>>> print(open('final-v8.txt').read())   # compact mmCIF, C-alpha atoms
# COMPACT_ATOMS: atom_id res chain seq x y z
CA MET A 387 86.90 59.13 129.24
CA ARG A 388 84.74 60.51 126.43
CA GLU A 389 86.37 63.08 124.17
CA LEU A 390 85.88 66.82 124.64
CA ASN A 391 84.42 69.24 122.12
CA LYS A 392 86.78 69.07 119.14
CA ASN A 393 86.49 72.81 118.53
CA VAL A 394 87.64 73.55 122.07
CA THR A 395 90.56 71.12 122.13
CA GLN A 396 92.27 73.01 119.29
CA PHE A 397 92.44 76.21 121.35
CA LYS A 398 95.72 77.23 122.91
CA GLU A 399 96.37 79.56 125.82
CA SER A 400 95.84 83.17 124.76
CA VAL A 401 99.06 84.91 123.75
CA PHE A 402 98.08 87.74 126.12
CA ALA A 403 97.97 85.41 129.12
CA THR A 404 101.26 83.77 128.12
CA LEU A 405 103.18 87.00 127.61
CA SER A 406 101.80 88.69 130.72
CA ARG A 407 102.83 85.69 132.82
CA LEU A 408 106.33 85.70 131.31
CA ALA A 409 106.60 89.45 131.89
CA ASN A 410 105.82 88.95 135.57
CA GLU A 411 108.26 86.06 135.87
CA ASN A 412 111.05 88.13 134.32
CA GLN A 413 110.14 91.43 135.99
CA ALA A 414 109.70 92.96 132.55
CA ILE A 415 107.66 96.05 131.70
CA ASN A 416 104.44 94.76 130.13
CA LEU A 417 103.84 96.48 126.79
CA ALA A 418 102.22 93.29 125.52
CA GLN A 419 98.69 93.20 126.87
CA GLY A 420 96.41 96.03 125.73
CA PHE A 421 95.41 97.80 128.90
CA PRO A 422 96.52 101.02 130.62
CA ASP A 423 98.78 100.87 133.66
CA PHE A 424 96.75 103.73 135.13
CA ASP A 425 93.10 104.12 136.05
CA GLY A 426 90.53 105.98 134.02
CA PRO A 427 89.14 109.32 135.21
CA GLN A 428 88.42 109.49 138.93
CA TRP A 429 85.08 111.19 138.29
CA VAL A 430 83.95 108.14 136.33
CA ILE A 431 85.16 105.75 139.06
CA ASP A 432 83.25 107.81 141.61
CA LEU A 433 80.08 107.29 139.58
CA LEU A 434 80.43 103.53 140.08
CA GLY A 435 80.64 103.92 143.86
CA LYS A 436 77.53 106.06 143.81
CA SER A 437 75.75 103.59 141.55
CA ALA A 438 76.61 100.63 143.79
CA ARG A 439 75.10 102.44 146.76
CA GLY A 440 71.89 102.97 144.82
CA SER A 441 69.18 100.59 143.69
CA ALA A 442 70.97 98.84 140.80
CA ASN A 443 72.32 95.81 142.62
CA GLN A 444 69.99 93.17 141.19
CA TYR A 445 69.94 91.77 137.67
CA ALA A 446 69.77 94.28 134.87
CA PRO A 447 67.28 93.62 132.07
CA LEU A 448 68.58 91.08 129.55
CA GLU A 449 68.86 93.79 126.87
CA GLY A 450 70.67 96.15 129.25
CA ASP A 451 69.88 99.07 131.52
CA ILE A 452 67.59 101.49 129.72
CA SER A 453 69.57 104.58 130.75
CA LEU A 454 72.73 103.22 129.10
CA ARG A 455 70.92 102.06 125.95
CA LYS A 456 69.40 105.51 125.54
CA VAL A 457 72.60 107.51 125.95
CA ILE A 458 74.60 105.22 123.63
CA LEU A 459 72.04 105.53 120.87
CA GLU A 460 71.77 109.30 121.37
CA HIS A 461 75.53 109.61 120.81
CA PHE A 462 75.40 107.18 117.89
CA LYS A 463 72.73 109.31 116.25
CA ASP A 464 74.66 112.53 116.94
CA LYS A 465 78.06 111.26 115.75
CA ARG A 466 77.08 108.73 113.07
CA GLY A 467 73.74 110.10 111.87
CA LEU A 468 71.98 106.75 112.40
CA GLU A 469 68.85 106.08 114.40
CA TYR A 470 68.08 102.82 116.17
CA ASP A 471 65.23 101.66 118.39
CA THR A 472 66.25 101.84 122.06
CA GLN A 473 64.13 98.84 122.99
CA LYS A 474 64.80 96.51 120.07
CA GLU A 475 68.12 97.34 118.43
CA ILE A 476 70.81 97.56 121.10
CA THR A 477 72.01 94.89 123.51
CA ILE A 478 74.37 95.55 126.44
CA THR A 479 76.86 92.71 126.97
CA HIS A 480 79.65 91.70 129.31
CA GLY A 481 82.27 93.56 127.31
CA ALA A 482 82.76 93.75 123.55
CA THR A 483 84.19 90.22 123.47
CA GLU A 484 80.88 88.74 124.60
CA ALA A 485 79.07 90.85 122.01
CA ILE A 486 81.36 89.41 119.32
CA PHE A 487 80.80 85.81 120.49
CA CYS A 488 77.04 86.24 120.74
CA SER A 489 76.84 87.84 117.30
CA ILE A 490 78.88 85.14 115.59
CA LEU A 491 77.04 82.30 117.31
CA ALA A 492 73.73 83.93 116.39
CA LEU A 493 74.61 84.19 112.69
CA VAL A 494 77.03 81.46 111.67
CA ASN A 495 75.99 77.89 110.89
CA PRO A 496 78.47 75.02 110.42
CA GLY A 497 80.06 75.40 106.99
CA ASP A 498 79.28 79.11 106.63
CA GLU A 499 82.28 81.13 105.50
CA VAL A 500 83.44 84.16 107.50
CA ILE A 501 85.87 86.61 105.93
CA ILE A 502 88.32 87.79 108.55
CA PHE A 503 90.99 90.46 108.06
CA GLU A 504 94.35 89.44 109.48
CA PRO A 505 96.08 90.29 111.74
CA PHE A 506 93.07 90.01 114.06
CA TYR A 507 92.15 90.04 117.73
CA ASP A 508 92.52 86.37 118.70
CA SER A 509 88.97 85.84 120.04
CA TYR A 510 87.56 86.39 116.53
CA LEU A 511 88.95 83.11 115.24
CA ALA A 512 87.88 81.20 118.35
CA ALA A 513 84.29 82.40 118.00
CA ILE A 514 84.17 81.41 114.32
CA GLN A 515 85.55 77.96 115.11
CA LEU A 516 83.11 77.38 117.98
CA ALA A 517 80.23 78.16 115.65
CA GLY A 518 81.57 75.68 113.09
CA GLY A 519 82.26 78.44 110.59
CA VAL A 520 85.04 78.43 108.02
CA PRO A 521 87.44 81.38 108.39
CA VAL A 522 88.58 82.95 105.12
CA PRO A 523 91.59 85.22 105.78
CA ILE A 524 92.34 88.48 103.98
CA THR A 525 95.84 89.65 104.83
CA LEU A 526 96.63 93.29 105.51
CA LYS A 527 100.14 93.41 104.13
CA GLY A 528 102.81 95.61 105.67
CA PRO A 529 104.28 98.10 105.82
CA GLY A 530 101.08 99.98 104.91
CA PHE A 531 98.75 97.17 106.04
CA THR A 532 96.46 97.46 103.05
CA PHE A 533 94.40 94.74 101.36
CA ASP A 534 94.13 93.72 97.73
CA ILE A 535 90.64 94.35 96.36
CA ASP A 536 90.90 91.51 93.80
CA GLU A 537 91.92 89.08 96.53
CA LEU A 538 89.01 90.28 98.65
CA GLU A 539 86.42 89.82 95.91
CA LYS A 540 87.72 86.35 95.06
CA SER A 541 87.25 85.41 98.71
CA PHE A 542 83.50 86.02 98.54
CA SER A 543 81.21 83.17 97.56
CA GLN A 544 77.63 82.03 98.00
CA LYS A 545 78.77 80.54 101.33
CA THR A 546 79.96 83.90 102.68
CA LYS A 547 77.71 84.65 105.65
CA LEU A 548 79.70 87.27 107.50
CA ILE A 549 82.60 89.71 107.18
CA LEU A 550 84.41 90.42 110.44
CA PHE A 551 86.16 93.78 110.45
CA ASN A 552 87.93 95.84 113.11
CA HIS A 553 88.07 99.63 112.63
CA PRO A 554 90.21 101.38 113.86
CA HIS A 555 92.33 98.29 113.53
CA ASN A 556 94.17 96.40 116.26
CA PRO A 557 97.05 95.61 115.96
CA THR A 558 98.09 97.65 112.90
CA GLY A 559 96.71 101.04 113.99
CA ARG A 560 95.05 101.57 110.59
CA VAL A 561 92.08 103.91 110.20
CA PHE A 562 90.75 102.74 106.86
CA ASN A 563 89.91 105.33 104.22
CA ASP A 564 86.60 105.87 102.49
CA SER A 565 87.66 104.05 99.32
CA GLU A 566 88.73 100.93 101.24
CA ILE A 567 85.53 100.82 103.28
CA THR A 568 83.36 101.37 100.20
CA GLN A 569 85.02 98.36 98.59
CA ILE A 570 84.22 96.21 101.62
CA THR A 571 80.62 97.39 102.03
CA SER A 572 79.85 97.14 98.31
CA LEU A 573 80.96 93.50 98.23
CA THR A 574 79.01 92.79 101.42
CA CYS A 575 75.83 93.99 99.69
CA LYS A 576 76.65 92.29 96.38
CA TYR A 577 76.98 88.89 98.04
CA ASP A 578 74.05 89.42 100.44
CA SER A 579 76.23 88.98 103.52
CA TYR A 580 76.36 90.52 106.99
CA LEU A 581 79.17 92.61 108.45
CA LEU A 582 80.32 92.64 112.05
CA CYS A 583 82.38 95.75 112.82
CA ASP A 584 84.35 95.92 116.05
CA GLU A 585 84.69 99.65 116.73
CA VAL A 586 86.00 99.66 120.31
CA TYR A 587 88.72 102.17 119.32
CA GLU A 588 86.21 104.49 117.63
CA TYR A 589 87.38 107.57 119.59
CA LEU A 590 91.09 106.78 119.49
CA VAL A 591 91.92 108.35 116.11
CA TYR A 592 94.75 110.81 115.66
CA ASP A 593 95.90 113.76 113.58
CA HIS A 594 92.39 115.25 113.33
CA GLN A 595 91.04 112.35 111.28
CA THR A 596 87.30 111.80 111.03
CA PHE A 597 86.05 108.34 111.94
CA LYS A 598 83.09 106.88 110.06
CA SER A 599 81.18 103.77 111.13
CA LEU A 600 80.64 101.11 108.48
CA ALA A 601 76.91 101.12 109.25
CA GLN A 602 76.78 104.63 107.75
CA TYR A 603 77.56 103.41 104.24
CA PRO A 604 74.80 102.82 101.65
CA GLY A 605 72.83 99.64 102.23
CA MET A 606 74.72 98.78 105.43
CA ARG A 607 72.45 99.94 108.25
CA ASP A 608 70.53 96.63 108.45
CA ARG A 609 73.49 94.42 107.44
CA THR A 610 75.91 95.67 110.08
CA ILE A 611 76.39 94.72 113.71
CA THR A 612 78.32 97.58 115.34
CA ILE A 613 80.19 96.59 118.50
CA SER A 614 81.91 98.85 121.00
CA SER A 615 82.49 99.21 124.73
CA ILE A 616 83.29 101.62 127.53
CA GLY A 617 86.65 100.00 128.32
CA LYS A 618 88.88 101.65 125.72
CA THR A 619 87.10 105.01 125.66
CA PHE A 620 87.40 105.62 129.41
CA GLY A 621 90.50 103.54 130.13
CA LEU A 622 88.50 101.14 132.30
CA THR A 623 89.01 97.76 130.65
CA GLY A 624 88.02 95.91 133.83
CA TRP A 625 84.49 97.30 133.75
CA LYS A 626 83.56 94.93 130.90
CA VAL A 627 80.55 96.80 129.57
CA GLY A 628 80.06 96.43 125.83
CA TRP A 629 77.21 96.48 123.34
CA ALA A 630 75.95 95.38 119.94
CA ILE A 631 73.89 97.76 117.79
CA ALA A 632 72.00 96.07 114.97
CA SER A 633 68.66 95.78 113.20
CA GLU A 634 65.74 94.32 115.11
CA ASP A 635 66.06 90.88 113.50
CA LEU A 636 69.80 90.65 114.17
CA SER A 637 69.44 92.00 117.71
CA PHE A 638 66.72 89.45 118.45
CA ALA A 639 69.09 86.62 117.47
CA ILE A 640 72.01 88.12 119.42
CA ARG A 641 69.84 88.36 122.54
CA LYS A 642 68.88 84.70 122.23
CA VAL A 643 72.54 83.78 122.65
CA HIS A 644 73.25 86.48 125.23
CA GLN A 645 70.47 85.25 127.53
CA PHE A 646 72.13 81.84 127.87
CA THR A 647 75.69 83.08 128.33
CA THR A 648 75.81 85.93 130.86
CA PHE A 649 72.12 86.96 130.66
CA CYS A 650 73.13 90.52 131.62
CA ALA A 651 76.13 92.70 132.30
CA HIS A 652 77.01 94.09 135.74
CA HIS A 653 74.15 96.43 136.67
CA PRO A 654 75.87 99.13 138.79
CA THR A 655 78.58 99.50 136.15
CA GLN A 656 75.96 99.99 133.43
CA LYS A 657 74.39 102.79 135.47
CA ALA A 658 77.78 104.46 135.98
CA ALA A 659 78.65 104.05 132.29
CA ALA A 660 75.40 105.78 131.32
CA GLN A 661 76.28 108.80 133.46
CA ALA A 662 79.84 108.86 132.10
CA TYR A 663 78.53 108.93 128.51
CA GLU A 664 76.47 112.00 129.33
CA ASN A 665 79.81 113.84 129.68
CA LEU A 666 81.49 112.21 126.68
CA ASP A 667 81.76 115.32 124.50
CA ASP A 668 83.55 117.28 127.23
CA TYR A 669 85.87 114.37 127.97
CA LEU A 670 86.98 113.31 124.48
CA PRO A 671 89.30 116.20 123.48
CA THR A 672 91.59 115.66 126.47
CA PHE A 673 91.43 111.89 126.04
CA ILE A 674 92.48 112.01 122.38
CA ARG A 675 95.20 114.59 123.01
CA THR A 676 96.65 112.53 125.88
CA TYR A 677 96.93 109.38 123.77
CA GLN A 678 98.33 111.18 120.76
CA GLU A 679 101.06 112.60 123.01
CA LYS A 680 101.78 109.07 124.26
CA ARG A 681 101.88 107.79 120.68
CA ASP A 682 104.30 110.50 119.56
CA LEU A 683 106.55 110.02 122.59
CA PHE A 684 106.75 106.27 122.11
CA VAL A 685 107.18 106.31 118.32
CA GLN A 686 110.04 108.80 118.64
CA GLY A 687 111.53 106.62 121.34
CA LEU A 688 111.46 103.54 119.11
CA LYS A 689 113.10 105.53 116.34
CA SER A 690 115.86 106.57 118.75
CA CYS A 691 116.54 102.84 119.20
CA GLY A 692 117.18 102.51 115.48
CA LEU A 693 113.79 100.94 114.80
CA ASN A 694 111.30 101.88 112.08
CA PRO A 695 107.81 101.71 113.67
CA VAL A 696 104.65 101.99 111.60
CA ILE A 697 102.99 105.16 112.91
CA PRO A 698 99.46 104.24 114.02
CA GLU A 699 96.53 106.34 112.82
CA GLY A 700 94.36 105.02 115.66
CA THR A 701 94.20 102.61 118.64
CA TYR A 702 96.99 102.48 121.24
CA PHE A 703 99.25 99.95 119.53
CA VAL A 704 102.37 100.23 117.39
CA MET A 705 103.52 97.58 114.93
CA CYS A 706 107.26 97.61 114.51
CA PRO A 707 109.32 95.60 111.98
CA ILE A 708 112.15 93.53 113.41
CA PRO A 709 115.43 94.89 111.98
CA ASP A 710 116.76 92.80 109.11
CA HIS A 711 120.02 91.91 110.84
CA TYR A 712 118.16 90.04 113.59
CA ASN A 713 117.50 86.51 112.37
CA LEU A 714 114.93 85.62 115.02
CA VAL A 715 111.22 85.52 114.12
CA ALA A 716 108.76 87.43 116.28
CA GLN A 717 107.99 84.79 118.89
CA ALA A 718 111.63 84.04 119.61
CA PHE A 719 112.57 87.72 119.43
CA SER A 720 109.84 88.71 121.91
CA MET A 721 111.23 86.09 124.34
CA GLU A 722 114.67 87.61 123.85
CA LEU A 723 113.37 91.10 124.70
CA ILE A 724 111.56 89.87 127.81
CA LYS A 725 114.68 88.18 129.15
CA LYS A 726 117.40 90.60 128.04
CA ALA A 727 115.71 93.99 127.64
CA LYS A 728 113.07 93.34 130.33
CA VAL A 729 110.33 94.64 128.03
CA ALA A 730 107.39 92.46 126.98
CA THR A 731 105.83 92.83 123.52
CA ILE A 732 103.37 90.72 121.52
CA PRO A 733 104.62 88.52 118.66
CA PRO A 734 101.75 88.95 116.21
CA GLU A 735 102.01 85.58 114.42
CA SER A 736 99.11 84.38 116.58
CA PHE A 737 96.93 87.11 115.03
CA TYR A 738 97.30 85.50 111.59
CA ILE A 739 96.09 82.32 109.94
CA ASN A 740 98.91 82.83 107.42
CA GLN A 741 101.41 83.25 110.24
CA HIS A 742 104.46 83.98 108.11
CA PHE A 743 103.07 87.47 107.42
CA GLY A 744 103.51 88.34 111.11
CA GLU A 745 106.90 86.78 111.72
CA ARG A 746 108.90 89.97 111.25
CA TYR A 747 106.84 92.34 113.43
CA LEU A 748 106.34 93.10 117.10
CA ARG A 749 103.33 94.86 118.61
CA PHE A 750 103.80 97.37 121.43
CA CYS A 751 101.03 98.87 123.58
CA PHE A 752 101.58 102.53 124.49
CA ALA A 753 98.56 102.91 126.82
CA LYS A 754 100.97 103.45 129.68
CA LYS A 755 102.14 106.20 132.00
CA GLU A 756 104.75 108.51 130.53
CA GLU A 757 107.30 107.23 133.04
CA THR A 758 106.57 103.63 131.96
CA LEU A 759 107.08 104.51 128.30
CA LYS A 760 110.33 106.37 128.99
CA LYS A 761 111.65 103.52 131.13
CA SER A 762 110.76 101.03 128.38
CA ILE A 763 112.55 103.12 125.75
CA SER A 764 115.61 103.36 127.97
CA ARG A 765 115.74 99.57 128.32
CA LEU A 766 115.17 99.00 124.60
CA LYS A 767 117.85 101.55 123.73
CA ASP A 768 120.33 99.73 125.95
CA TYR A 769 119.48 96.46 124.23
CA PHE A 770 119.52 97.65 120.61
CA ASN A 771 122.53 99.94 120.97
CA HIS A 772 124.71 97.64 123.05
>>> encode(input="final-v8.txt", output="structure tokens")
Amino acid sequence: MRELNKNVTQFKESVFATLSRLANENQAINLAQGFPDFDGPQWVIDLLGKSARGSANQYAPLEGDISLRKVILEHFKDKRGLEYDTQKEITITHGATEAIFCSILALVNPGDEVIIFEPFYDSYLAAIQLAGGVPVPITLKGPGFTFDIDELEKSFSQKTKLILFNHPHNPTGRVFNDSEITQITSLTCKYDSYLLCDEVYEYLVYDHQTFKSLAQYPGMRDRTITISSIGKTFGLTGWKVGWAIASEDLSFAIRKVHQFTTFCAHHPTQKAAAQAYENLDDYLPTFIRTYQEKRDLFVQGLKSCGLNPVIPEGTYFVMCPIPDHYNLVAQAFSMELIKKAKVATIPPESFYINQHFGERYLRFCFAKKEETLKKSISRLKDYFNH
């Protein structure tokens, strides 16, 4: 038999699929995969039923339903102060992951270098490799998960095509400050590169922080592809409606890839998402407060187990160092917790190219019911305090 695509054969099963399967096999509480164990607001779900009974059951336009494109860009203008063309500068995709793949495939040629901040969401690396790009890792070093500006600048070269950045950051929970972002955007301009910013957690920021999109920084409007989705904001990860906002030239290229992958996202869901976004401002305060309460409950619970979690500034993940007296690295330790504590976490080595930086951490997801979090803490406390 002829050989398969060499880029594909190097891929392994996603760590999320592996850990979720092991959690089910061991009847463990799944704090590994990043999705809520409860549905989003019922009023939003009801909008989908209404939409499906309407006239949106055929293909949506390639670029996305016009009602959704309009409302997203209206909110982007209101909250970020940036204007984009509804027809030419936003593309609705089948979730943010498709938007990331389409953007990278549209931009990256074989041999192009892509700066990627690690730890990272695992699909980033796969997309770079499929495009034939060369990943150049910049490590966010714990416990503060900051980067070294000298290391970053040395990583840029004439081959640097793209910087891939996630803000707020999964899995560390960082909300990067103005100085850090200015350093990144200034180097992006200096080396005439593009920046892809995954902002799916844009509304999950805590302690009254103000979130700022990277496209807002000087010189970045036409260099930045801003990606987000409805899944995290409304707790409806299964809806898989995402988007890419970019200049006309970049959007044109992204759409060329999008048309030959999914062509369009699910039409009734786009209609429902558009109506949900019309009520976004009324919805967000309760949403943010609910998740901050979950964060505080879970962080305090981990501390009661004798652990020292890194308090997240955003997202719904907590990175937690493995106590020094445990000799197991993250992958082995996560297996131990699944089997003995009946709690599943993510070993974050797979989110690194330089995997040793992730060997002494675990990632927990706290997008769970209060009862789930309390039950998890009880099990972890029994394990760590036995």
>>> atom_distance(input="final-v8.txt", atom1="CA of Thr472 in chain A", atom2="CA of Glu449 in chain A")
9.7 Å
>>> closest_atom_pairs(input="final-v8.txt", of="range 410-505 of chain A", to="range 692-703 of chain A", cutoff="12 Å", atoms="all atoms listed in the file", output="tab-separated table")
residue	atom	partner	partner_atom	distance
A:Leu417	CA	A:Phe703	CA	9.3
A:Ala418	CA	A:Phe703	CA	9.4
A:Gln419	CA	A:Phe703	CA	10.0
A:Gly420	CA	A:Phe703	CA	7.9
A:Phe421	CA	A:Tyr702	CA	9.1
A:Pro422	CA	A:Tyr702	CA	9.5
>>> closest_residue(input="final-v8.txt", among="A:Asp564, A:Glu664, A:Asp534, A:Asp423", to="Gln595 in chain A", atoms="all atoms listed in the file")
A:Asp564
>>> residues_around(input="final-v8.txt", residues="range 749-754 of chain A", least_positions_apart="4", cutoff="10 Å", atoms="all atoms listed in the file", output="MDAnalysis selection string")
chainID A and resid 416:424 556:558 618 621 676:678 680:685 695 701:707 716 720 729:734 744 758:760
>>> atom_distance(input="final-v8.txt", atom1="CA of Gln515 in chain A", atom2="CA of Asp608 in chain A")
24.9 Å
>>> closest_residue(input="final-v8.txt", among="A:Ala662, A:Ser736, A:Glu585, A:Asp668", to="Phe397 in chain A", atoms="only C-alpha atoms")
A:Ser736
>>> closest_atom_pairs(input="final-v8.txt", of="range 564-628 of chain A", to="range 541-544 of chain A", cutoff="12 Å", atoms="all atoms listed in the file", output="JSON lines")
{"residue": "A:Ile570", "atom": "CA", "partner": "A:Phe542", "partner_atom": "CA", "distance": 10.7}
{"residue": "A:Ser572", "atom": "CA", "partner": "A:Phe542", "partner_atom": "CA", "distance": 11.7}
{"residue": "A:Leu573", "atom": "CA", "partner": "A:Phe542", "partner_atom": "CA", "distance": 7.9}
{"residue": "A:Thr574", "atom": "CA", "partner": "A:Phe542", "partner_atom": "CA", "distance": 8.6}
{"residue": "A:Cys575", "atom": "CA", "partner": "A:Phe542", "partner_atom": "CA", "distance": 11.1}
{"residue": "A:Lys576", "atom": "CA", "partner": "A:Phe542", "partner_atom": "CA", "distance": 9.5}
{"residue": "A:Tyr577", "atom": "CA", "partner": "A:Gln544", "partner_atom": "CA", "distance": 6.9}
{"residue": "A:Asp578", "atom": "CA", "partner": "A:Gln544", "partner_atom": "CA", "distance": 8.6}
{"residue": "A:Ser579", "atom": "CA", "partner": "A:Gln544", "partner_atom": "CA", "distance": 9.0}
{"residue": "A:Tyr580", "atom": "CA", "partner": "A:Phe542", "partner_atom": "CA", "distance": 11.9}
>>> closest_residue(input="final-v8.txt", among="A:His553, A:Glu566, A:Ile724, A:His652", to="Leu538 in chain A", atoms="only C-alpha atoms")
A:Glu566
>>> closest_residue(input="final-v8.txt", among="A:Ala651, A:Ile535, A:Met606, A:Leu590", to="Gln569 in chain A", atoms="all atoms listed in the file")
A:Ile535
>>> residues_around(input="final-v8.txt", residues="Lys642 in chain A", least_positions_apart="3", cutoff="10 Å", atoms="only C-alpha atoms", output="VMD selection string")
chain A and resid 448 488 to 489 491 to 492 637 to 639 645 to 647 649
>>> closest_residue(input="final-v8.txt", among="A:Gly605, A:Gly450, A:Gly559, A:Gly467", to="Val627 in chain A", atoms="all atoms listed in the file")
A:Gly450
>>> atom_distance(input="final-v8.txt", atom1="CA of Ala658 in chain A", atom2="CA of Ile640 in chain A")
24.0 Å
>>> residues_around(input="final-v8.txt", residues="range 628-632 of chain A", least_positions_apart="6", cutoff="8 Å", atoms="all atoms listed in the file", output="list in words")
Tyr470, Glu475, Ile476, Thr477, Ile478, Thr479, His480, Gly481, Ala482, Thr483, Glu484, Ala485, Arg607, Asp608, Arg609, Thr610, Ile611, Thr612, Ile613, Ser614, Ser615, Ile616 and Gly617 of chain A
>>> build_atoms(input="final-v8.txt", residues="range 521-539 of chain A", atoms="N, CA and C atoms", output="JSON list (two decimals), in the coordinates of the input")
[["chain", "number", "residue", "atom", "x", "y", "z"],
["A", 521, "PRO", "N", 86.80, 80.08, 108.53],
["A", 521, "PRO", "CA", 87.44, 81.38, 108.39],
["A", 521, "PRO", "C", 88.14, 81.52, 107.05],
["A", 522, "VAL", "N", 87.94, 82.66, 106.40],
["A", 522, "VAL", "CA", 88.58, 82.95, 105.12],
["A", 522, "VAL", "C", 89.43, 84.21, 105.32],
["A", 523, "PRO", "N", 90.75, 84.07, 105.43],
["A", 523, "PRO", "CA", 91.59, 85.22, 105.78],
["A", 523, "PRO", "C", 91.89, 86.14, 104.60],
["A", 524, "ILE", "N", 91.84, 87.44, 104.89],
["A", 524, "ILE", "CA", 92.34, 88.48, 103.98],
["A", 524, "ILE", "C", 93.48, 89.18, 104.70],
["A", 525, "THR", "N", 94.67, 89.13, 104.13],
["A", 525, "THR", "CA", 95.84, 89.65, 104.83],
["A", 525, "THR", "C", 96.06, 91.12, 104.54],
["A", 526, "LEU", "N", 96.19, 91.90, 105.62],
["A", 526, "LEU", "CA", 96.63, 93.29, 105.51],
["A", 526, "LEU", "C", 98.14, 93.27, 105.48],
["A", 527, "LYS", "N", 98.70, 93.60, 104.33],
["A", 527, "LYS", "CA", 100.14, 93.41, 104.13],
["A", 527, "LYS", "C", 100.91, 94.69, 104.47],
["A", 528, "GLY", "N", 101.97, 94.50, 105.29],
["A", 528, "GLY", "CA", 102.81, 95.61, 105.67],
["A", 528, "GLY", "C", 103.71, 96.05, 104.53],
["A", 529, "PRO", "N", 104.31, 97.25, 104.63],
["A", 529, "PRO", "CA", 104.28, 98.10, 105.82],
["A", 529, "PRO", "C", 103.04, 98.98, 105.93],
["A", 530, "GLY", "N", 102.25, 99.10, 104.86],
["A", 530, "GLY", "CA", 101.08, 99.98, 104.91],
["A", 530, "GLY", "C", 99.84, 99.31, 105.45],
["A", 531, "PHE", "N", 99.88, 97.97, 105.56],
["A", 531, "PHE", "CA", 98.75, 97.17, 106.04],
["A", 531, "PHE", "C", 97.47, 97.47, 105.26],
["A", 532, "THR", "N", 97.59, 97.30, 103.96],
["A", 532, "THR", "CA", 96.46, 97.46, 103.05],
["A", 532, "THR", "C", 96.06, 96.09, 102.52],
["A", 533, "PHE", "N", 94.85, 96.01, 101.94],
["A", 533, "PHE", "CA", 94.40, 94.74, 101.36],
["A", 533, "PHE", "C", 94.27, 94.89, 99.86],
["A", 534, "ASP", "N", 94.28, 93.76, 99.18],
["A", 534, "ASP", "CA", 94.13, 93.72, 97.73],
["A", 534, "ASP", "C", 92.66, 93.50, 97.39],
["A", 535, "ILE", "N", 92.07, 94.41, 96.64],
["A", 535, "ILE", "CA", 90.64, 94.35, 96.36],
["A", 535, "ILE", "C", 90.29, 93.11, 95.53],
["A", 536, "ASP", "N", 91.17, 92.71, 94.60],
["A", 536, "ASP", "CA", 90.90, 91.51, 93.80],
["A", 536, "ASP", "C", 90.91, 90.26, 94.68],
["A", 537, "GLU", "N", 91.86, 90.20, 95.60],
["A", 537, "GLU", "CA", 91.92, 89.08, 96.53],
["A", 537, "GLU", "C", 90.66, 89.04, 97.40],
["A", 538, "LEU", "N", 90.21, 90.22, 97.82],
["A", 538, "LEU", "CA", 89.01, 90.28, 98.65],
["A", 538, "LEU", "C", 87.79, 89.76, 97.88],
["A", 539, "GLU", "N", 87.61, 90.24, 96.66],
["A", 539, "GLU", "CA", 86.42, 89.82, 95.91],
["A", 539, "GLU", "C", 86.45, 88.32, 95.61]]
